[in-house]
Every structure is written in C-alpha cells, then in structure tokens.
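What follows is one structure encoded as structure tokens, with my remarks underneath.
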Amino acid sequence: HRYQPLSELRFLAPGLQDQELLGATQFTDAVTDDARLVMRVLGEARAEGGEALNGLRVVELTRENGRVVGLQAEDSESGQRYGFRAQVIAQATGAWADELRRKEGLEHIRPLRGSHLLLPAWRLPVAHAISFMHRQDKRPVFVFPWEGATVIGTTDLDHDEALGREARISSAEVDYLLAACSQVFPAAAISCGDVLSSWAGVRPVVSTDTTSASKPSDEKREHALWVEPGCVTLAGGKLTTF
C-alpha cells in the first residue's frame, strides 16, 4: 500500500472530484480474464487425458442407496440423453447449484446480479482503477481501464429473473452506475449516450436468509462446500479484483 496525497493524486487520476478529498491509497492486486482462464483450464485438462463435452446439460443426478453414482445429461441440439457413472461427481454450476443438489438445512444459493457499463476510453480516460463508496448505499464501486475501454461497475442486487434467461442490466442499474461515475468524475458529464455496451452476471452467494431481507452486499463472499454421500458439491462466486 502507498498513500497518494492530493497533490500527486491529481496527476494519477485527472478529473477526479477533489473537493474535501485528502488523498487516496494505492495498492496492487490481480485481474483475471475469466474467459481465457476457463479455456486454459479446459486445454490443460484435455492435455492430461481428460475429456470436455460442450453443449450437454445435466438434467439430474443419479442416486443409488442414497449415494450419487452418476448423472443424466441431455444434448442441447438433438435432445438425446446420456448417462454417466463416476465414483465422484463435482458440481460447480454456480448460481444453478440448487437445481441439482439435495438441499439440507437453511443454506441455499442466493443469486445476485452484478452489472457493468462500458465506455470509450477517450470519453473517460483512466490509467488506474478507482475504487470508492457509492453515496447512495455506501457500496464499493469501480471505474477502471479494461482492454482499451473504461468500465463502471458493479451493482449488487437480487436476481429475480429465471436463471435460464441471459442476465441483463436494468434501467435502475444504469442510473446507479452513471450516478457513481458522476460522483467521482463530475466534469466528464458521462451520460447514457456515452455507453457503448453493458454486461451482467449472476453470482452464486451462499445465504441462510430465506426471505432475502438482508442486503445483498451483506452476504458473505466465501466459497461453500456441501458434501453428500458419494457427492461433492461446490459453489463459489466469481472473484475479480482490481
């Protein structure tokens, strides 16, 4: 960590709202391109003798005498079903985990949506990721450079739509993220017309609140491990840090 006083911060983040600002803390963290990471893992698995099947949807787990011994999968194009047997089944289906696993106790997956806005880099040029608290709900929000563009994100709210549908940003989330940008870069006057595109994802967060009364951001972001006889079920959220 390194503290950057306001006199230096103005050079690191031009255009930053500096009224009543004393400075900022600068630190280094990791960024992962999740799509490339998935392809890398699949490639190495196949190189080690594993087999990756694309377009197959697991429809149910096969149990015998209370133990998971395999699964039933369906070809998304032909509709043909296939049966697989194995000594160990690892379920890593994220937000969809509750659709297959045997739910016991109060713990369940609470799908939370996070959405982002993409801007042209010239419209809001930033050399560093800027993290700050949104004045509306005191949540951390980021403005950061990414692949030649600038990203504003993320939101954090319950995803009430069907998980089978592609997640998408809402108009309220657009307003929320634009307000966040205006909070720290008011002179840029970023508006909806500056947005190139948006994307949204659903996080699988473990919760014991069956009413969703607690704030989404209050839920613990930790990996969860459920163990059934003969079956290991894993559920963990995507981790991207800046």
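To be explicit about the labels: the chains of the structure tokens are called A, B, and onward in the order shown, and within each one the residues are counted from 1, while ligands get numbers from 1 in the order they are shown.
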message = Just list as number ranges by chain whatever in segment 135-220 of chain A DSSP marks as helix (DSSP H, G or I).
response = A: 171-184, 186-188, 192-194, 216-218
Store the residues picked out above in a file with all heavy atoms, as a short mmCIF file (atom, residue, chain, number, x, y, z; two decimals), in the first residue's frame.
data_model
loop_
_atom_site.label_atom_id
_atom_site.label_comp_id
_atom_site.auth_asym_id
_atom_site.auth_seq_id
_atom_site.Cartn_x
_atom_site.Cartn_y
_atom_site.Cartn_z
N SER A 171 -32.69 -0.60 -16.13
CA SER A 171 -32.56 0.86 -16.25
C SER A 171 -32.15 1.47 -14.91
O SER A 171 -31.41 2.46 -14.88
CB SER A 171 -33.87 1.47 -16.75
OG SER A 171 -34.95 1.16 -15.86
N ALA A 172 -32.62 0.89 -13.81
CA ALA A 172 -32.24 1.40 -12.49
C ALA A 172 -30.75 1.21 -12.24
O ALA A 172 -30.09 2.07 -11.63
CB ALA A 172 -33.06 0.70 -11.41
N GLU A 173 -30.20 0.09 -12.71
CA GLU A 173 -28.77 -0.13 -12.55
C GLU A 173 -27.96 0.84 -13.40
O GLU A 173 -26.88 1.30 -12.98
CB GLU A 173 -28.43 -1.57 -12.93
CG GLU A 173 -28.91 -2.61 -11.94
CD GLU A 173 -28.66 -4.02 -12.44
OE1 GLU A 173 -29.42 -4.47 -13.33
OE2 GLU A 173 -27.70 -4.66 -11.97
N VAL A 174 -28.44 1.14 -14.60
CA VAL A 174 -27.76 2.12 -15.45
C VAL A 174 -27.69 3.46 -14.73
O VAL A 174 -26.62 4.10 -14.66
CB VAL A 174 -28.50 2.28 -16.80
CG1 VAL A 174 -27.88 3.43 -17.60
CG2 VAL A 174 -28.42 0.99 -17.60
N ASP A 175 -28.80 3.90 -14.16
CA ASP A 175 -28.83 5.17 -13.43
C ASP A 175 -27.88 5.13 -12.23
O ASP A 175 -27.19 6.12 -11.93
CB ASP A 175 -30.25 5.48 -12.95
CG ASP A 175 -31.20 5.76 -14.11
OD1 ASP A 175 -30.71 6.08 -15.21
OD2 ASP A 175 -32.43 5.64 -13.91
N TYR A 176 -27.85 4.00 -11.55
CA TYR A 176 -27.00 3.83 -10.37
C TYR A 176 -25.52 3.99 -10.74
O TYR A 176 -24.75 4.69 -10.06
CB TYR A 176 -27.27 2.46 -9.75
CG TYR A 176 -26.39 2.07 -8.59
CD1 TYR A 176 -26.73 2.40 -7.28
CD2 TYR A 176 -25.22 1.34 -8.80
CE1 TYR A 176 -25.93 2.03 -6.22
CE2 TYR A 176 -24.42 0.96 -7.74
CZ TYR A 176 -24.78 1.30 -6.45
OH TYR A 176 -23.96 0.92 -5.39
N LEU A 177 -25.11 3.34 -11.83
CA LEU A 177 -23.70 3.37 -12.24
C LEU A 177 -23.32 4.73 -12.82
O LEU A 177 -22.21 5.22 -12.61
CB LEU A 177 -23.43 2.26 -13.25
CG LEU A 177 -23.54 0.84 -12.69
CD1 LEU A 177 -23.35 -0.19 -13.79
CD2 LEU A 177 -22.53 0.61 -11.57
N LEU A 178 -24.23 5.37 -13.54
CA LEU A 178 -23.95 6.71 -14.05
C LEU A 178 -23.82 7.70 -12.90
O LEU A 178 -22.98 8.61 -12.94
CB LEU A 178 -25.05 7.15 -15.01
CG LEU A 178 -25.11 6.44 -16.36
CD1 LEU A 178 -26.29 6.93 -17.18
CD2 LEU A 178 -23.81 6.64 -17.14
N ALA A 179 -24.63 7.53 -11.87
CA ALA A 179 -24.53 8.39 -10.69
C ALA A 179 -23.20 8.19 -9.99
O ALA A 179 -22.60 9.15 -9.48
CB ALA A 179 -25.69 8.11 -9.73
N ALA A 180 -22.72 6.95 -9.96
CA ALA A 180 -21.43 6.68 -9.35
C ALA A 180 -20.31 7.38 -10.11
O ALA A 180 -19.40 7.97 -9.53
CB ALA A 180 -21.18 5.17 -9.31
N CYS A 181 -20.39 7.31 -11.44
CA CYS A 181 -19.37 7.96 -12.27
C CYS A 181 -19.41 9.48 -12.08
O CYS A 181 -18.36 10.13 -11.97
CB CYS A 181 -19.59 7.60 -13.73
SG CYS A 181 -18.28 8.18 -14.83
N SER A 182 -20.59 10.03 -12.03
CA SER A 182 -20.75 11.47 -11.84
C SER A 182 -20.23 11.90 -10.47
O SER A 182 -19.73 13.03 -10.30
CB SER A 182 -22.22 11.85 -11.99
OG SER A 182 -22.42 13.22 -11.73
N GLN A 183 -20.30 11.00 -9.51
CA GLN A 183 -19.85 11.31 -8.16
C GLN A 183 -18.35 11.57 -8.11
O GLN A 183 -17.89 12.47 -7.40
CB GLN A 183 -20.21 10.14 -7.23
CG GLN A 183 -19.72 10.28 -5.80
CD GLN A 183 -20.06 9.05 -4.97
OE1 GLN A 183 -21.10 8.41 -5.18
NE2 GLN A 183 -19.19 8.71 -4.03
N VAL A 184 -17.56 10.79 -8.87
CA VAL A 184 -16.11 10.92 -8.80
C VAL A 184 -15.51 11.65 -9.99
O VAL A 184 -14.40 12.19 -9.90
CB VAL A 184 -15.45 9.53 -8.65
CG1 VAL A 184 -15.76 8.92 -7.30
CG2 VAL A 184 -15.89 8.60 -9.76
N PRO A 186 -17.24 14.30 -12.06
CA PRO A 186 -18.37 15.15 -12.47
C PRO A 186 -18.09 15.96 -13.73
O PRO A 186 -19.00 16.20 -14.52
CB PRO A 186 -18.57 16.06 -11.25
CG PRO A 186 -17.25 16.07 -10.56
CD PRO A 186 -16.68 14.70 -10.76
N ALA A 187 -16.85 16.38 -13.94
CA ALA A 187 -16.53 17.21 -15.09
C ALA A 187 -16.68 16.45 -16.40
O ALA A 187 -16.90 17.06 -17.45
CB ALA A 187 -15.11 17.77 -14.97
N ALA A 188 -16.57 15.12 -16.36
CA ALA A 188 -16.69 14.32 -17.58
C ALA A 188 -18.11 14.31 -18.11
O ALA A 188 -18.34 14.11 -19.30
CB ALA A 188 -16.24 12.88 -17.31
N CYS A 192 -26.00 8.45 -20.53
CA CYS A 192 -26.38 7.17 -21.13
C CYS A 192 -25.93 7.09 -22.59
O CYS A 192 -25.60 6.01 -23.09
CB CYS A 192 -27.89 6.99 -21.02
SG CYS A 192 -28.47 5.34 -21.44
N GLY A 193 -25.88 8.23 -23.27
CA GLY A 193 -25.48 8.25 -24.67
C GLY A 193 -24.02 7.90 -24.89
O GLY A 193 -23.62 7.61 -26.02
N ASP A 194 -23.21 7.93 -23.83
CA ASP A 194 -21.79 7.59 -23.94
C ASP A 194 -21.53 6.09 -23.81
O ASP A 194 -20.43 5.63 -24.10
CB ASP A 194 -20.99 8.31 -22.85
CG ASP A 194 -21.04 9.82 -23.02
OD1 ASP A 194 -20.72 10.29 -24.13
OD2 ASP A 194 -21.39 10.52 -22.05
N PRO A 216 -28.05 -7.51 -0.12
CA PRO A 216 -27.21 -8.42 -0.89
C PRO A 216 -25.73 -8.29 -0.55
O PRO A 216 -25.01 -9.28 -0.45
CB PRO A 216 -27.50 -8.03 -2.34
CG PRO A 216 -28.88 -7.49 -2.31
CD PRO A 216 -28.99 -6.77 -1.00
N SER A 217 -25.26 -7.06 -0.38
CA SER A 217 -23.84 -6.85 -0.12
C SER A 217 -23.42 -7.29 1.27
O SER A 217 -22.22 -7.37 1.56
CB SER A 217 -23.48 -5.37 -0.32
OG SER A 217 -23.68 -5.00 -1.67
N ASP A 218 -24.39 -7.59 2.14
CA ASP A 218 -24.05 -8.08 3.48
C ASP A 218 -23.78 -9.57 3.51
O ASP A 218 -23.26 -10.10 4.49
CB ASP A 218 -25.20 -7.76 4.46
CG ASP A 218 -25.32 -6.28 4.75
OD1 ASP A 218 -24.33 -5.55 4.51
OD2 ASP A 218 -26.40 -5.83 5.19
#
request  = Enumerate the residues of segment 45-234 of chain A with a DSSP assignment of strand (DSSP E), computed from the backbone, and present them as a PyMOL selection string.
outcome  = chain A and resi 56-64+67-75+81-85+90-91+108-120+130-133+140-146+149-153+157-158+197-207+224-228+231-234
Restricting the output to C-alpha atoms, write the selected residues as a PDB file, in the first residue's frame.
ATOM      1  CA  LEU A  56     -24.529 -31.110 -22.752  1.00  0.00           C
ATOM      2  CA  ARG A  57     -26.919 -30.043 -19.995  1.00  0.00           C
ATOM      3  CA  VAL A  58     -27.002 -32.034 -16.765  1.00  0.00           C
ATOM      4  CA  VAL A  59     -30.668 -32.667 -16.002  1.00  0.00           C
ATOM      5  CA  GLU A  60     -30.406 -34.804 -12.871  1.00  0.00           C
ATOM      6  CA  LEU A  61     -28.039 -36.658 -10.585  1.00  0.00           C
ATOM      7  CA  THR A  62     -28.307 -40.435 -10.407  1.00  0.00           C
ATOM      8  CA  ARG A  63     -28.557 -41.812  -6.871  1.00  0.00           C
ATOM      9  CA  GLU A  64     -28.409 -45.383  -5.611  1.00  0.00           C
ATOM     10  CA  ARG A  67     -25.326 -42.111  -2.923  1.00  0.00           C
ATOM     11  CA  VAL A  68     -24.657 -40.107  -6.052  1.00  0.00           C
ATOM     12  CA  VAL A  69     -23.196 -42.508  -8.593  1.00  0.00           C
ATOM     13  CA  GLY A  70     -23.592 -40.578 -11.834  1.00  0.00           C
ATOM     14  CA  LEU A  71     -25.711 -38.156 -13.785  1.00  0.00           C
ATOM     15  CA  GLN A  72     -28.073 -37.796 -16.714  1.00  0.00           C
ATOM     16  CA  ALA A  73     -27.157 -35.268 -19.420  1.00  0.00           C
ATOM     17  CA  GLU A  74     -29.065 -34.003 -22.436  1.00  0.00           C
ATOM     18  CA  ASP A  75     -27.682 -32.851 -25.783  1.00  0.00           C
ATOM     19  CA  ARG A  81     -29.967 -38.158 -23.247  1.00  0.00           C
ATOM     20  CA  TYR A  82     -26.797 -39.812 -22.000  1.00  0.00           C
ATOM     21  CA  GLY A  83     -25.986 -41.495 -18.734  1.00  0.00           C
ATOM     22  CA  PHE A  84     -22.628 -41.136 -16.972  1.00  0.00           C
ATOM     23  CA  ARG A  85     -21.347 -43.027 -13.946  1.00  0.00           C
ATOM     24  CA  ALA A  90     -18.080 -32.392  -8.548  1.00  0.00           C
ATOM     25  CA  GLN A  91     -20.906 -29.951  -9.074  1.00  0.00           C
ATOM     26  CA  HIS A 108     -29.109 -22.049  -0.137  1.00  0.00           C
ATOM     27  CA  ILE A 109     -27.786 -20.213  -3.163  1.00  0.00           C
ATOM     28  CA  ARG A 110     -28.891 -16.582  -3.379  1.00  0.00           C
ATOM     29  CA  PRO A 111     -28.384 -15.402  -6.991  1.00  0.00           C
ATOM     30  CA  LEU A 112     -27.106 -11.831  -7.028  1.00  0.00           C
ATOM     31  CA  ARG A 113     -26.703  -9.809 -10.210  1.00  0.00           C
ATOM     32  CA  GLY A 114     -23.754  -7.567 -10.947  1.00  0.00           C
ATOM     33  CA  SER A 115     -23.896  -5.272 -13.974  1.00  0.00           C
ATOM     34  CA  HIS A 116     -21.342  -3.054 -15.698  1.00  0.00           C
ATOM     35  CA  LEU A 117     -21.205  -0.223 -18.219  1.00  0.00           C
ATOM     36  CA  LEU A 118     -18.578   0.036 -20.957  1.00  0.00           C
ATOM     37  CA  LEU A 119     -17.409   3.459 -22.161  1.00  0.00           C
ATOM     38  CA  PRO A 120     -14.992   4.542 -24.897  1.00  0.00           C
ATOM     39  CA  ILE A 130     -10.515   3.901  -8.983  1.00  0.00           C
ATOM     40  CA  SER A 131     -12.407   2.378  -6.049  1.00  0.00           C
ATOM     41  CA  PHE A 132     -14.839   4.411  -3.963  1.00  0.00           C
ATOM     42  CA  MET A 133     -18.046   4.157  -1.952  1.00  0.00           C
ATOM     43  CA  PRO A 140     -17.707  -0.069  -3.217  1.00  0.00           C
ATOM     44  CA  VAL A 141     -17.808   0.764  -6.937  1.00  0.00           C
ATOM     45  CA  PHE A 142     -15.002   0.782  -9.509  1.00  0.00           C
ATOM     46  CA  VAL A 143     -14.084   2.817 -12.560  1.00  0.00           C
ATOM     47  CA  PHE A 144     -11.247   1.047 -14.348  1.00  0.00           C
ATOM     48  CA  PRO A 145      -9.463   0.635 -17.681  1.00  0.00           C
ATOM     49  CA  TRP A 146     -10.101  -2.660 -19.490  1.00  0.00           C
ATOM     50  CA  ALA A 149     -12.067   0.869 -22.844  1.00  0.00           C
ATOM     51  CA  THR A 150     -13.328   2.121 -19.482  1.00  0.00           C
ATOM     52  CA  VAL A 151     -15.672   0.118 -17.250  1.00  0.00           C
ATOM     53  CA  ILE A 152     -18.007   1.278 -14.476  1.00  0.00           C
ATOM     54  CA  GLY A 153     -19.194  -1.421 -12.089  1.00  0.00           C
ATOM     55  CA  LEU A 157     -28.873  -6.914  -6.161  1.00  0.00           C
ATOM     56  CA  ASP A 158     -31.106  -9.968  -6.067  1.00  0.00           C
ATOM     57  CA  SER A 197     -22.488  -1.620 -24.141  1.00  0.00           C
ATOM     58  CA  SER A 198     -23.245  -3.338 -20.861  1.00  0.00           C
ATOM     59  CA  TRP A 199     -22.984  -6.796 -19.393  1.00  0.00           C
ATOM     60  CA  ALA A 200     -24.332  -8.554 -16.350  1.00  0.00           C
ATOM     61  CA  GLY A 201     -23.522 -11.729 -14.475  1.00  0.00           C
ATOM     62  CA  VAL A 202     -25.095 -13.688 -11.633  1.00  0.00           C
ATOM     63  CA  ARG A 203     -23.077 -14.513  -8.530  1.00  0.00           C
ATOM     64  CA  PRO A 204     -23.827 -17.673  -6.504  1.00  0.00           C
ATOM     65  CA  VAL A 205     -23.722 -16.376  -2.942  1.00  0.00           C
ATOM     66  CA  VAL A 206     -24.440 -18.728  -0.032  1.00  0.00           C
ATOM     67  CA  SER A 207     -27.192 -17.470   2.254  1.00  0.00           C
ATOM     68  CA  ALA A 224     -19.076 -23.099   0.126  1.00  0.00           C
ATOM     69  CA  LEU A 225     -18.624 -26.838   0.249  1.00  0.00           C
ATOM     70  CA  TRP A 226     -21.539 -29.226   0.579  1.00  0.00           C
ATOM     71  CA  VAL A 227     -20.890 -32.917   0.987  1.00  0.00           C
ATOM     72  CA  GLU A 228     -23.460 -35.587   0.243  1.00  0.00           C
ATOM     73  CA  CYS A 231     -21.084 -36.473  -3.979  1.00  0.00           C
ATOM     74  CA  VAL A 232     -19.126 -33.273  -3.511  1.00  0.00           C
ATOM     75  CA  THR A 233     -20.978 -30.088  -4.411  1.00  0.00           C
ATOM     76  CA  LEU A 234     -19.017 -26.898  -4.861  1.00  0.00           C
TER      77      LEU A 234
END
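Remark: for Glu8 of chain A, the closest of the candidate residues A:Val31, A:Leu100, A:Ala127, A:Leu22 is A:Leu22 (distances computed over only C-alpha atoms).
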key: Counting only C-alpha atoms, the option among A:Ser7, A:Leu163, A:Gly23, A:Arg102 closest to Gly66 of chain A   = A:Arg102
inquiry  = Give me, as a list in words, all polymer residues having an atom no more than 8 Å from Ala13 of chain A, counting only C-alpha atoms and skipping those fewer than 2 positions away in the same chain.
reply    = Leu9, Arg10, Phe11, Gly15, Leu16, Val126, Ala127 and His128 of chain A
message = To one decimal place in Å, what is the distance between atom CA of His1 of chain A and atom CA of Phe27 of chain A?
response = 4.6 Å
query = Which of these residues is nearest to Lys138 of chain A, using only C-alpha atoms: A:Ala52, A:Met39, A:Ala121, A:Asp156?
reply =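 Of A:Ala52, A:Met39, A:Ala121, A:Asp156, the one nearest Lys138 of chain A is A:Asp156, counting only C-alpha atoms.
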